[in-house]
file protein31.pdb (PDB, C-alpha atoms and all ligand atoms)
ATOM      1  CA  LEU A   1     101.822 133.822  77.932
ATOM      2  CA  ILE A   2      99.937 137.075  78.451
ATOM      3  CA  GLY A   3      98.073 138.289  81.532
ATOM      4  CA  ASP A   4      94.403 139.266  81.587
ATOM      5  CA  ARG A   5      95.169 142.955  82.042
ATOM      6  CA  ASP A   6      97.537 143.022  79.111
ATOM      7  CA  LEU A   7      95.099 141.187  76.902
ATOM      8  CA  ALA A   8      92.366 143.646  77.859
ATOM      9  CA  ASP A   9      94.768 146.484  76.953
ATOM     10  CA  LEU A  10      95.464 144.895  73.626
ATOM     11  CA  GLU A  11      91.749 144.579  72.939
ATOM     12  CA  GLN A  12      91.313 148.265  73.796
ATOM     13  CA  ARG A  13      93.885 149.191  71.224
ATOM     14  CA  VAL A  14      92.110 147.015  68.677
ATOM     15  CA  GLN A  15      88.842 148.805  69.482
ATOM     16  CA  HIS A  16      90.533 152.155  68.901
ATOM     17  CA  ALA A  17      92.032 150.950  65.660
ATOM     18  CA  LEU A  18      88.603 149.779  64.505
ATOM     19  CA  ALA A  19      87.013 153.092  65.443
ATOM     20  CA  ARG A  20      89.653 154.890  63.419
ATOM     21  CA  GLY A  21      89.676 152.298  60.655
ATOM     22  CA  ASP A  22      93.421 151.656  60.515
ATOM     23  CA  ALA A  23      95.921 149.398  62.202
ATOM     24  CA  GLY A  24      98.140 152.345  63.225
ATOM     25  CA  ASP A  25      99.501 151.407  66.641
ATOM     26  CA  LEU A  26      98.980 147.657  66.460
ATOM     27  CA  ASP A  27     101.766 145.152  65.852
ATOM     28  CA  VAL A  28     100.088 143.174  63.113
ATOM     29  CA  VAL A  29     101.917 139.863  62.742
ATOM     30  CA  GLY A  30      99.704 138.538  60.008
ATOM     31  CA  TYR A  31      96.428 139.012  58.285
ATOM     32  CA  GLY A  32      95.034 135.572  57.674
ATOM     33  CA  GLU A  33      92.023 135.277  55.443
ATOM     34  CA  ILE A  34      89.942 135.334  58.614
ATOM     35  CA  THR A  35      91.765 136.261  61.793
ATOM     36  CA  LEU A  36      93.804 139.276  62.751
ATOM     37  CA  VAL A  37      97.078 138.187  64.370
ATOM     38  CA  LEU A  38      98.676 140.659  66.757
ATOM     39  CA  GLY A  39     102.061 140.582  68.396
ATOM     40  CA  TRP A  40     102.525 141.326  72.106
ATOM     41  CA  PRO A  41     104.248 143.095  73.834
ATOM     42  CA  ARG A  42     104.606 146.039  71.529
ATOM     43  CA  GLY A  43     107.969 146.623  69.970
ATOM     44  CA  ALA A  44     109.490 143.255  70.881
ATOM     45  CA  PRO A  45     106.652 140.751  70.614
ATOM     46  CA  THR A  46     106.965 137.218  72.016
ATOM     47  CA  VAL A  47     103.321 136.217  71.836
ATOM     48  CA  ALA A  48     100.873 135.889  68.933
ATOM     49  CA  CYS A  49      97.279 136.873  69.770
ATOM     50  CA  LYS A  50      94.725 135.812  67.172
ATOM     51  CA  ARG A  51      91.537 137.779  67.516
ATOM     52  CA  LEU A  52      88.416 135.763  66.847
ATOM     53  CA  PRO A  53      85.082 137.146  65.688
ATOM     54  CA  PRO A  54      82.941 138.346  68.646
ATOM     55  CA  PHE A  55      80.935 135.678  70.479
ATOM     56  CA  PRO A  56      77.363 136.842  71.095
ATOM     57  CA  ASP A  57      77.046 134.925  74.388
ATOM     58  CA  GLY A  58      78.613 132.466  76.771
ATOM     59  CA  ALA A  59      77.040 129.478  75.073
ATOM     60  CA  ALA A  60      78.628 130.352  71.725
ATOM     61  CA  LEU A  61      81.975 130.705  73.427
ATOM     62  CA  ALA A  62      81.643 127.426  75.331
ATOM     63  CA  SER A  63      80.740 125.619  72.160
ATOM     64  CA  TYR A  64      83.730 127.105  70.320
ATOM     65  CA  ARG A  65      85.996 126.111  73.185
ATOM     66  CA  GLY A  66      84.712 122.542  73.030
ATOM     67  CA  VAL A  67      85.303 122.231  69.293
ATOM     68  CA  LEU A  68      88.741 123.859  69.505
ATOM     69  CA  ASP A  69      89.857 121.518  72.316
ATOM     70  CA  GLU A  70      88.646 118.523  70.420
ATOM     71  CA  TYR A  71      90.423 119.701  67.290
ATOM     72  CA  LEU A  72      93.710 120.212  69.121
ATOM     73  CA  GLY A  73      93.364 116.702  70.584
ATOM     74  CA  GLU A  74      92.620 115.124  67.198
ATOM     75  CA  LEU A  75      95.556 116.820  65.496
ATOM     76  CA  CYS A  76      97.867 115.712  68.285
ATOM     77  CA  ARG A  77      96.647 112.106  68.025
ATOM     78  CA  ARG A  78      97.233 112.247  64.283
ATOM     79  CA  GLY A  79     100.831 113.319  64.645
ATOM     80  CA  VAL A  80     100.462 117.013  63.916
ATOM     81  CA  ASP A  81     102.740 119.063  66.183
ATOM     82  CA  VAL A  82     100.567 122.106  66.943
ATOM     83  CA  VAL A  83     102.062 125.239  68.478
ATOM     84  CA  PRO A  84     100.682 125.417  72.058
ATOM     85  CA  THR A  85      97.398 127.300  71.837
ATOM     86  CA  GLU A  86      95.359 128.865  74.628
ATOM     87  CA  LEU A  87      91.863 130.259  74.200
ATOM     88  CA  ARG A  88      91.484 133.465  76.199
ATOM     89  CA  VAL A  89      88.536 135.775  76.593
ATOM     90  CA  VAL A  90      88.130 139.474  77.270
ATOM     91  CA  ALA A  91      84.970 141.540  77.500
ATOM     92  CA  GLY A  92      84.037 143.373  74.334
ATOM     93  CA  GLY A  93      82.368 146.779  74.479
ATOM     94  CA  ASP A  94      78.732 145.740  74.186
ATOM     95  CA  GLY A  95      78.404 142.682  76.404
ATOM     96  CA  SER A  96      79.873 140.399  73.790
ATOM     97  CA  SER A  97      82.942 138.318  74.537
ATOM     98  CA  ILE A  98      86.091 138.622  72.475
ATOM     99  CA  GLY A  99      88.172 135.504  72.158
ATOM    100  CA  TYR A 100      91.831 135.301  71.357
ATOM    101  CA  CYS A 101      93.821 132.207  70.469
ATOM    102  CA  VAL A 102      97.178 132.891  72.075
ATOM    103  CA  GLN A 103     100.406 131.182  71.008
ATOM    104  CA  PRO A 104     104.110 131.756  71.474
ATOM    105  CA  LEU A 105     105.293 133.951  68.615
ATOM    106  CA  LEU A 106     107.564 131.940  66.363
ATOM    107  CA  PRO A 107     110.569 133.675  64.806
ATOM    108  CA  ALA A 108     109.665 135.045  61.372
ATOM    109  CA  ALA A 109     112.545 133.199  59.704
ATOM    110  CA  THR A 110     111.070 129.852  60.794
ATOM    111  CA  LEU A 111     107.675 130.416  59.189
ATOM    112  CA  LEU A 112     107.631 127.992  56.292
ATOM    113  CA  PRO A 113     107.236 130.566  53.489
ATOM    114  CA  GLU A 114     110.358 132.323  54.784
ATOM    115  CA  ALA A 115     112.238 129.077  55.345
ATOM    116  CA  LEU A 116     111.530 128.041  51.750
ATOM    117  CA  ARG A 117     112.445 131.443  50.360
ATOM    118  CA  GLY A 118     115.845 131.055  51.990
ATOM    119  CA  ALA A 119     116.498 127.591  50.544
ATOM    120  CA  GLN A 120     117.278 126.087  47.168
ATOM    121  CA  PRO A 121     114.068 124.626  45.632
ATOM    122  CA  GLY A 122     114.244 120.856  45.327
ATOM    123  CA  PRO A 123     112.208 117.745  46.145
ATOM    124  CA  GLU A 124     114.759 116.652  48.712
ATOM    125  CA  HIS A 125     113.980 119.566  51.037
ATOM    126  CA  PRO A 126     112.766 117.781  54.201
ATOM    127  CA  ALA A 127     110.098 120.358  55.105
ATOM    128  CA  LEU A 128     108.107 119.675  51.946
ATOM    129  CA  ALA A 129     108.021 115.950  52.507
ATOM    130  CA  ALA A 130     107.117 116.505  56.152
ATOM    131  CA  VAL A 131     104.202 118.794  55.257
ATOM    132  CA  ALA A 132     102.842 116.417  52.622
ATOM    133  CA  ARG A 133     103.188 113.349  54.828
ATOM    134  CA  THR A 134     101.797 115.044  57.940
ATOM    135  CA  ALA A 135      98.817 116.562  56.129
ATOM    136  CA  ALA A 136      97.935 113.451  54.139
ATOM    137  CA  GLY A 137      98.221 111.327  57.282
ATOM    138  CA  ALA A 138      96.070 113.594  59.417
ATOM    139  CA  VAL A 139      92.946 114.269  57.387
ATOM    140  CA  ASP A 140      89.911 112.059  56.963
ATOM    141  CA  PRO A 141      86.195 112.770  56.494
ATOM    142  CA  THR A 142      85.876 114.054  60.065
ATOM    143  CA  VAL A 143      89.133 115.981  60.511
ATOM    144  CA  GLY A 144      90.456 118.591  58.114
ATOM    145  CA  LEU A 145      93.569 120.687  57.967
ATOM    146  CA  ASP A 146      94.712 123.634  55.867
ATOM    147  CA  ALA A 147      98.173 122.658  54.641
ATOM    148  CA  GLN A 148      99.094 125.942  52.943
ATOM    149  CA  VAL A 149     102.704 126.926  53.609
ATOM    150  CA  SER A 150     101.686 129.983  55.637
ATOM    151  CA  ASN A 151     100.270 127.650  58.299
ATOM    152  CA  TRP A 152     103.521 125.853  59.171
ATOM    153  CA  ALA A 153     106.814 126.614  60.813
ATOM    154  CA  TRP A 154     110.061 124.762  60.132
ATOM    155  CA  ASP A 155     113.158 125.278  62.236
ATOM    156  CA  GLY A 156     115.480 122.934  60.364
ATOM    157  CA  ASP A 157     114.109 119.645  61.635
ATOM    158  CA  ARG A 158     110.815 120.221  63.396
ATOM    159  CA  LEU A 159     107.591 120.932  61.557
ATOM    160  CA  ARG A 160     104.875 122.733  63.502
ATOM    161  CA  TYR A 161     101.327 123.703  62.603
ATOM    162  CA  LEU A 162      99.893 127.026  63.721
ATOM    163  CA  ASP A 163      96.512 127.664  62.113
ATOM    164  CA  VAL A 164      93.864 126.223  64.446
ATOM    165  CA  THR A 165      91.461 129.138  64.920
ATOM    166  CA  THR A 166      88.983 127.587  62.484
ATOM    167  CA  PRO A 167      88.728 123.987  63.708
ATOM    168  CA  LEU A 168      87.987 121.899  60.638
ATOM    169  CA  LEU A 169      85.926 119.129  62.216
ATOM    170  CA  ARG A 170      82.883 117.471  60.668
ATOM    171  CA  ASP A 171      80.267 115.204  62.179
ATOM    172  CA  GLY A 172      79.356 111.750  60.850
ATOM    173  CA  HIS A 173      77.026 113.339  58.279
ATOM    174  CA  GLY A 174      79.717 115.594  56.860
ATOM    175  CA  ARG A 175      78.358 118.713  58.544
ATOM    176  CA  PRO A 176      80.880 121.241  59.907
ATOM    177  CA  ARG A 177      80.998 121.041  63.734
ATOM    178  CA  LEU A 178      82.048 124.641  64.166
ATOM    179  CA  ASP A 179      79.352 127.297  64.175
ATOM    180  CA  LEU A 180      80.533 128.891  60.970
ATOM    181  CA  GLY A 181      78.038 131.683  61.488
ATOM    182  CA  LEU A 182      80.557 133.267  63.851
ATOM    183  CA  PHE A 183      83.150 133.511  61.172
ATOM    184  CA  LEU A 184      80.627 134.718  58.649
ATOM    185  CA  ALA A 185      80.265 137.880  60.698
ATOM    186  CA  ALA A 186      83.323 139.048  58.755
ATOM    187  CA  MET A 187      81.227 139.051  55.624
ATOM    188  CA  PRO A 188      78.673 141.505  54.245
ATOM    189  CA  ALA A 189      75.248 140.581  55.618
ATOM    190  CA  VAL A 190      73.631 139.849  52.255
ATOM    191  CA  LEU A 191      76.285 137.256  51.495
ATOM    192  CA  ARG A 192      76.160 135.313  54.736
ATOM    193  CA  ALA A 193      73.276 133.016  53.907
ATOM    194  CA  PRO A 194      74.430 132.042  50.406
ATOM    195  CA  VAL A 195      78.029 131.617  51.521
ATOM    196  CA  ALA A 196      76.970 129.489  54.507
ATOM    197  CA  ARG A 197      74.801 127.351  52.304
ATOM    198  CA  PHE A 198      76.789 127.008  49.094
ATOM    199  CA  VAL A 199      80.418 127.888  49.743
ATOM    200  CA  LEU A 200      81.460 126.847  53.249
ATOM    201  CA  PRO A 201      80.447 123.191  53.300
ATOM    202  CA  GLY A 202      82.517 122.716  50.139
ATOM    203  CA  VAL A 203      85.463 124.588  51.604
ATOM    204  CA  VAL A 204      85.398 122.477  54.763
ATOM    205  CA  ALA A 205      84.991 119.282  52.724
ATOM    206  CA  ARG A 206      87.969 120.232  50.595
ATOM    207  CA  TYR A 207      90.189 120.239  53.678
ATOM    208  CA  THR A 208      89.274 116.688  54.613
ATOM    209  CA  GLN A 209      90.544 115.013  51.425
ATOM    210  CA  PRO A 210      94.291 114.408  51.138
ATOM    211  CA  ARG A 211      94.453 115.094  47.420
ATOM    212  CA  ALA A 212      92.426 118.301  47.700
ATOM    213  CA  VAL A 213      94.446 119.500  50.689
ATOM    214  CA  LEU A 214      97.702 118.974  48.815
ATOM    215  CA  LEU A 215      96.376 120.551  45.620
ATOM    216  CA  ASP A 216      95.466 123.574  47.706
ATOM    217  CA  LEU A 217      98.984 123.632  49.159
ATOM    218  CA  LEU A 218     100.460 123.570  45.649
ATOM    219  CA  GLY A 219      98.201 126.335  44.362
ATOM    220  CA  ASN A 220      99.040 128.462  47.369
ATOM    221  CA  LEU A 221     102.759 128.364  46.483
ATOM    222  CA  HIS A 222     101.895 130.750  43.650
ATOM    223  CA  LYS A 223     100.165 133.132  46.021
ATOM    224  CA  GLU A 224     103.220 133.099  48.277
ATOM    225  CA  ARG A 225     105.475 133.910  45.316
ATOM    226  CA  LEU A 226     107.125 130.537  45.726
ATOM    227  CA  ASP A 227     106.464 129.507  42.109
ATOM    228  CA  ALA A 228     109.991 128.113  41.892
ATOM    229  CA  TRP A 229     108.967 125.452  44.410
ATOM    230  CA  VAL A 230     106.003 124.124  42.434
ATOM    231  CA  PRO A 231     107.863 121.442  40.421
ATOM    232  CA  ALA A 232     109.638 120.097  43.519
ATOM    233  CA  ALA A 233     106.445 120.141  45.573
ATOM    234  CA  LEU A 234     104.554 118.371  42.773
ATOM    235  CA  GLU A 235     107.084 115.580  42.791
ATOM    236  CA  VAL A 236     106.820 115.167  46.557
ATOM    237  CA  VAL A 237     103.019 115.356  46.619
ATOM    238  CA  ASN A 238     102.598 112.922  43.754
ATOM    239  CA  ARG A 239     104.311 110.203  45.774
ATOM    240  CA  LEU A 240     101.239 110.342  48.008
ATOM    241  CA  VAL A 241      98.189 111.041  45.832
ATOM    242  CA  GLU A 242      96.268 109.247  43.150
ATOM    243  CA  PRO A 243      95.631 110.249  40.404
ATOM    244  CA  PRO A 244      98.768 112.402  40.134
ATOM    245  CA  ILE A 245      98.341 116.183  40.132
ATOM    246  CA  THR A 246      99.554 118.004  37.011
ATOM    247  CA  ARG A 247     101.004 121.487  36.711
ATOM    248  CA  ASP A 248      98.022 122.502  34.652
ATOM    249  CA  GLU A 249      95.669 121.449  37.392
ATOM    250  CA  VAL A 250      97.629 123.511  39.925
ATOM    251  CA  GLY A 251      97.488 126.586  37.678
ATOM    252  CA  ARG A 252      93.771 126.253  37.058
ATOM    253  CA  TYR A 253      93.072 125.694  40.745
ATOM    254  CA  TYR A 254      95.124 128.686  41.773
ATOM    255  CA  ARG A 255      93.423 131.025  39.337
ATOM    256  CA  ALA A 256      89.953 129.993  40.485
ATOM    257  CA  ASP A 257      90.901 130.238  44.164
ATOM    258  CA  ALA A 258      92.595 133.624  43.787
ATOM    259  CA  ARG A 259      89.508 134.914  42.017
ATOM    260  CA  LEU A 260      87.231 133.714  44.827
ATOM    261  CA  TRP A 261      89.274 135.431  47.564
ATOM    262  CA  ARG A 262      89.708 138.575  45.511
ATOM    263  CA  VAL A 263      85.973 138.827  45.033
ATOM    264  CA  MET A 264      85.376 138.197  48.757
ATOM    265  CA  LEU A 265      87.852 140.884  49.760
ATOM    266  CA  ALA A 266      86.398 143.368  47.271
ATOM    267  CA  LEU A 267      82.933 142.717  48.683
ATOM    268  CA  ARG A 268      84.185 143.201  52.229
ATOM    269  CA  ARG A 269      85.807 146.493  51.258
ATOM    270  CA  ALA A 270      82.577 147.619  49.598
ATOM    271  CA  ASP A 271      80.651 146.638  52.720
ATOM    272  CA  ARG A 272      83.120 148.552  54.903
ATOM    273  CA  TRP A 273      82.618 151.623  52.744
ATOM    274  CA  TRP A 274      78.844 151.271  53.031
ATOM    275  CA  GLN A 275      78.919 150.815  56.818
ATOM    276  CA  ARG A 276      81.213 153.777  57.394
ATOM    277  CA  ARG A 277      80.049 156.346  54.866
ATOM    278  CA  VAL A 278      76.395 155.560  54.535
ATOM    279  CA  ARG A 279      75.420 153.905  57.792
ATOM    280  CA  ARG A 280      77.964 155.971  59.779
ATOM    281  CA  ARG A 281      79.032 153.005  61.870
ATOM    282  CA  ALA A 282      82.475 151.729  62.749
ATOM    283  CA  TYR A 283      83.363 148.730  60.603
ATOM    284  CA  PRO A 284      84.214 145.917  63.021
ATOM    285  CA  PHE A 285      87.139 144.351  61.109
ATOM    286  CA  LEU A 286      90.515 145.399  59.869
ATOM    287  CA  LEU A 287      91.054 144.361  56.286
ATOM    288  CA  PRO A 288      94.385 143.558  54.698
ATOM    289  CA  GLY A 289      95.725 146.118  52.255
ATOM    290  CA  ARG A 290      96.450 145.189  48.673
ATOM    291  CA  ILE A 291      97.278 141.508  48.371
ATOM    292  CA  GLU A 292      99.562 140.477  45.557
ATOM    293  CA  ARG A 293      98.412 137.283  43.861
TER
HETATM  294  N1  LIG A 301     102.449 131.617  66.528
HETATM  295  C1  LIG A 301     102.791 132.394  65.494
HETATM  296  N2  LIG A 301     104.044 132.910  65.391
HETATM  297  C2  LIG A 301     104.385 133.713  64.364
HETATM  298  N3  LIG A 301     103.566 134.057  63.353
HETATM  299  C3  LIG A 301     102.304 133.573  63.364
HETATM  300  C4  LIG A 301     101.852 132.715  64.431
HETATM  301  N4  LIG A 301     100.575 132.390  64.178
HETATM  302  C5  LIG A 301     100.244 133.017  63.019
HETATM  303  N5  LIG A 301     101.271 133.725  62.517
HETATM  304  C6  LIG A 301     101.263 134.528  61.272
HETATM  305  O1  LIG A 301      99.942 134.990  61.018
HETATM  306  C7  LIG A 301      99.400 134.386  59.832
HETATM  307  C8  LIG A 301      97.922 134.066  59.989
HETATM  308  O2  LIG A 301      97.737 133.191  61.082
HETATM  309  P1  LIG A 301      96.797 131.904  60.984
HETATM  310  O3  LIG A 301      96.764 131.239  62.316
HETATM  311  O4  LIG A 301      97.233 131.059  59.838
HETATM  312  O5  LIG A 301      95.363 132.573  60.722
HETATM  313  P2  LIG A 301      94.310 132.392  59.524
HETATM  314  O6  LIG A 301      93.360 131.335  59.980
HETATM  315  O7  LIG A 301      93.625 133.695  59.440
HETATM  316  O8  LIG A 301      95.051 132.002  58.281
HETATM  317  C9  LIG A 301     100.278 133.156  59.626
HETATM  318  O9  LIG A 301     100.298 132.761  58.275
HETATM  319  C10 LIG A 301     101.637 133.631  60.106
HETATM  320  O10 LIG A 301     102.272 134.410  59.121
HETATM  321 MG    MG A 302      96.455 130.553  57.976
END
call {"tool": "encode", "arguments": {"input": "protein31.pdb", "output": "structure tokens"}}
result
Amino acid sequence: LIGDRDLADLEQRVQHALARGDAGDLDVVGYGEITLVLGWPRGAPTVACKRLPPFPDGAALASYRGVLDEYLGELCRRGVDVVPTELRVVAGGDGSSIGYCVQPLLPAATLLPEALRGAQPGPEHPALAAVARTAAGAVDPTVGLDAQVSNWAWDGDRLRYLDVTTPLLRDGHGRPRLDLGLFLAAMPAVLRAPVARFVLPGVVARYTQPRAVLLDLLGNLHKERLDAWVPAALEVVNRLVEPPITRDEVGRYYRADARLWRVMLALRRADRWWQRRVRRRAYPFLLPGRIER
């Protein structure tokens, strides 16, 4: 999809952007909550490059690769059609390794939020049923999935899943398989321990229960400004979950979730300010601008 030289070039541009603190000459395809997704080549991108947090050493990278491969295999076995994903590595500045999950870039109009925006809301829309059925059929205590609309593409009859950078696998004791410490690097240092201990296990657990996964999908419709789809989606989801989810529950869930992410982002911005102005260091992440919720 992209050659080593070109990926190294892309990483160089990211490094410059980080040093300057803005995404100026990068083609940002999406800011997920965690990864930065860049389009390549510039101007007319055909490839999506998802930059992962830096891996401190080869062992960390090998372990991530193992968990990612296993996750891709599990999703495939469970009937989730994942966009082909390649893990690629380039050298970071300081001996660390920078990983990218590389995928073909899907046309913007086929990303599910866009597809839904262009359609008449109703429970008969096949994409909704496909998402609910696929997600509910795939998850169990060891395999999770984030069914929010921003993680799917729909081209009229084929549903594809694209968010695999955080493999949601758990071992037999319910412990996350992924070294979540890597992803916590995106968080202010003082928060890492409490978040690792009290927040993350719950977040990962949430994605392994069909009802919780679908409640999260419903709440996320508000964030995507797809409120008009909530009644239709509720009807579809409630064919699959017990006890049924109510509109009230969706609203309450959304407000709590939005608050959590808003607080996290505010803390990250404060940390960025501290690192740059007080510690005089480059802040190693690009943060999304204002997010409407
Ligand atoms: N292969 C792709 N083609 C087009 N857009 C993509 C692709 N992968 C991701 N995106 C865009 O980037 C966003 C974030 O990517 P995602 O893999 O979901 O990362 P995160 O784990 O940070 O949510 C997606 O919601 C989508 O808008
Ligand atoms: Mg996502």
call {"tool": "residues_near_ligand", "arguments": {"input": "protein31.pdb", "ligand": "ligand LIG 301 (chain A)", "cutoff": "8 Å", "atoms": "only C-alpha atoms and all ligand atoms", "output": "ChimeraX atom specification"}}
result
/A:29-37,47-50,83,102-108,111,149-152,162-166
call {"tool": "resolve_selection", "arguments": {"input": "protein31.pdb", "expression": "the PyMOL selection byres (((chain A and resi 27) around 8) and not hetatm)", "output": "JSON, numbers by chain"}}
result
{"A": [25, 26, 28, 29, 38, 39, 40, 42, 43]}
call {"tool": "axis_aligned_box", "arguments": {"input": "protein31.pdb", "around": "segment 242-261 of chain A", "padding_each_side": "3 Å", "output": "AutoDock Vina command-line options"}}
result
--center_x 94.1 --center_y 122.3 --center_z 41.1 --size_x 19.8 --size_y 32.2 --size_z 18.9
call {"tool": "closest_residue", "arguments": {"input": "protein31.pdb", "among": "A:Tyr207, A:Tyr283, A:Phe198, A:Tyr161", "to": "Val139 of chain A", "atoms": "all atoms listed in the file"}}
result
A:Tyr207
call {"tool": "residues_around", "arguments": {"input": "protein31.pdb", "residues": "Ala129 of chain A", "least_positions_apart": "3", "cutoff": "10 Å", "atoms": "only C-alpha atoms", "output": "JSON, numbers by chain"}}
result
{"A": [123, 124, 125, 126, 132, 133, 134, 135, 233, 235, 236, 237, 239, 240]}
call {"tool": "residues_around", "arguments": {"input": "protein31.pdb", "residues": "Ala17 of chain A", "least_positions_apart": "3", "cutoff": "12 Å", "atoms": "all atoms listed in the file", "output": "count of residues only"}}
result
20
call {"tool": "atom_distance", "arguments": {"input": "protein31.pdb", "atom1": "atom CA of Leu145 of chain A", "atom2": "atom CA of Pro84 of chain A"}}
result
16.5 Å
call {"tool": "resolve_selection", "arguments": {"input": "protein31.pdb", "expression": "the PyMOL selection byres (((chain A and resi 264) around 12) and not hetatm)", "output": "list of chain:residue names"}}
result
A:Glu33, A:Ile34, A:Leu184, A:Ala186, A:Met187, A:Pro188, A:Leu191, A:Arg192, A:Val195, A:Val199, A:Asp257, A:Ala258, A:Arg259, A:Leu260, A:Trp261, A:Arg262, A:Val263, A:Leu265, A:Ala266, A:Leu267, A:Arg268, A:Arg269, A:Ala270, A:Asp271, A:Leu287
call {"tool": "atom_distance", "arguments": {"input": "protein31.pdb", "atom1": "atom CA of Leu200 of chain A", "atom2": "atom CA of Cys101 of chain A"}}
result
21.9 Å
call {"tool": "atom_distance", "arguments": {"input": "protein31.pdb", "atom1": "atom CA of Asp94 of chain A", "atom2": "atom CA of Gln15 of chain A"}}
result
11.6 Å
call {"tool": "closest_residue", "arguments": {"input": "protein31.pdb", "among": "A:Pro113, A:Gly156, A:Pro231, A:Gly137", "to": "ligand MG 302 (chain A)", "atoms": "all atoms listed in the file"}}
result
A:Pro113
call {"tool": "resolve_selection", "arguments": {"input": "protein31.pdb", "expression": "the PyMOL selection byres (((chain A and resi 71) around 9) and not hetatm)", "output": "PyMOL selection string"}}
result
chain A and resi 66-70+72-76+143+164+167-169
call {"tool": "closest_residue", "arguments": {"input": "protein31.pdb", "among": "A:Arg158, A:Arg276, A:Arg197, A:Arg247", "to": "Leu215 of chain A", "atoms": "all atoms listed in the file"}}
result
A:Arg247
call {"tool": "residues_near_point", "arguments": {"input": "protein31.pdb", "point": "(81.0, 145.0, 73.2)", "cutoff": "12 Å", "atoms": "only C-alpha atoms", "output": "JSON, numbers by chain"}}
result
{"A": [11, 12, 15, 53, 54, 55, 56, 57, 90, 91, 92, 93, 94, 95, 96, 97, 98, 99, 284]}
call {"tool": "closest_residue", "arguments": {"input": "protein31.pdb", "among": "A:Arg160, A:Arg65, A:Arg175, A:Arg88", "to": "Leu112 of chain A", "atoms": "only C-alpha atoms"}}
result
A:Arg160
call {"tool": "closest_residue", "arguments": {"input": "protein31.pdb", "among": "A:Leu217, A:Arg280, A:Asp4, A:Ala189", "to": "ligand MG 302 (chain A)", "atoms": "all atoms listed in the file"}}
result
A:Leu217
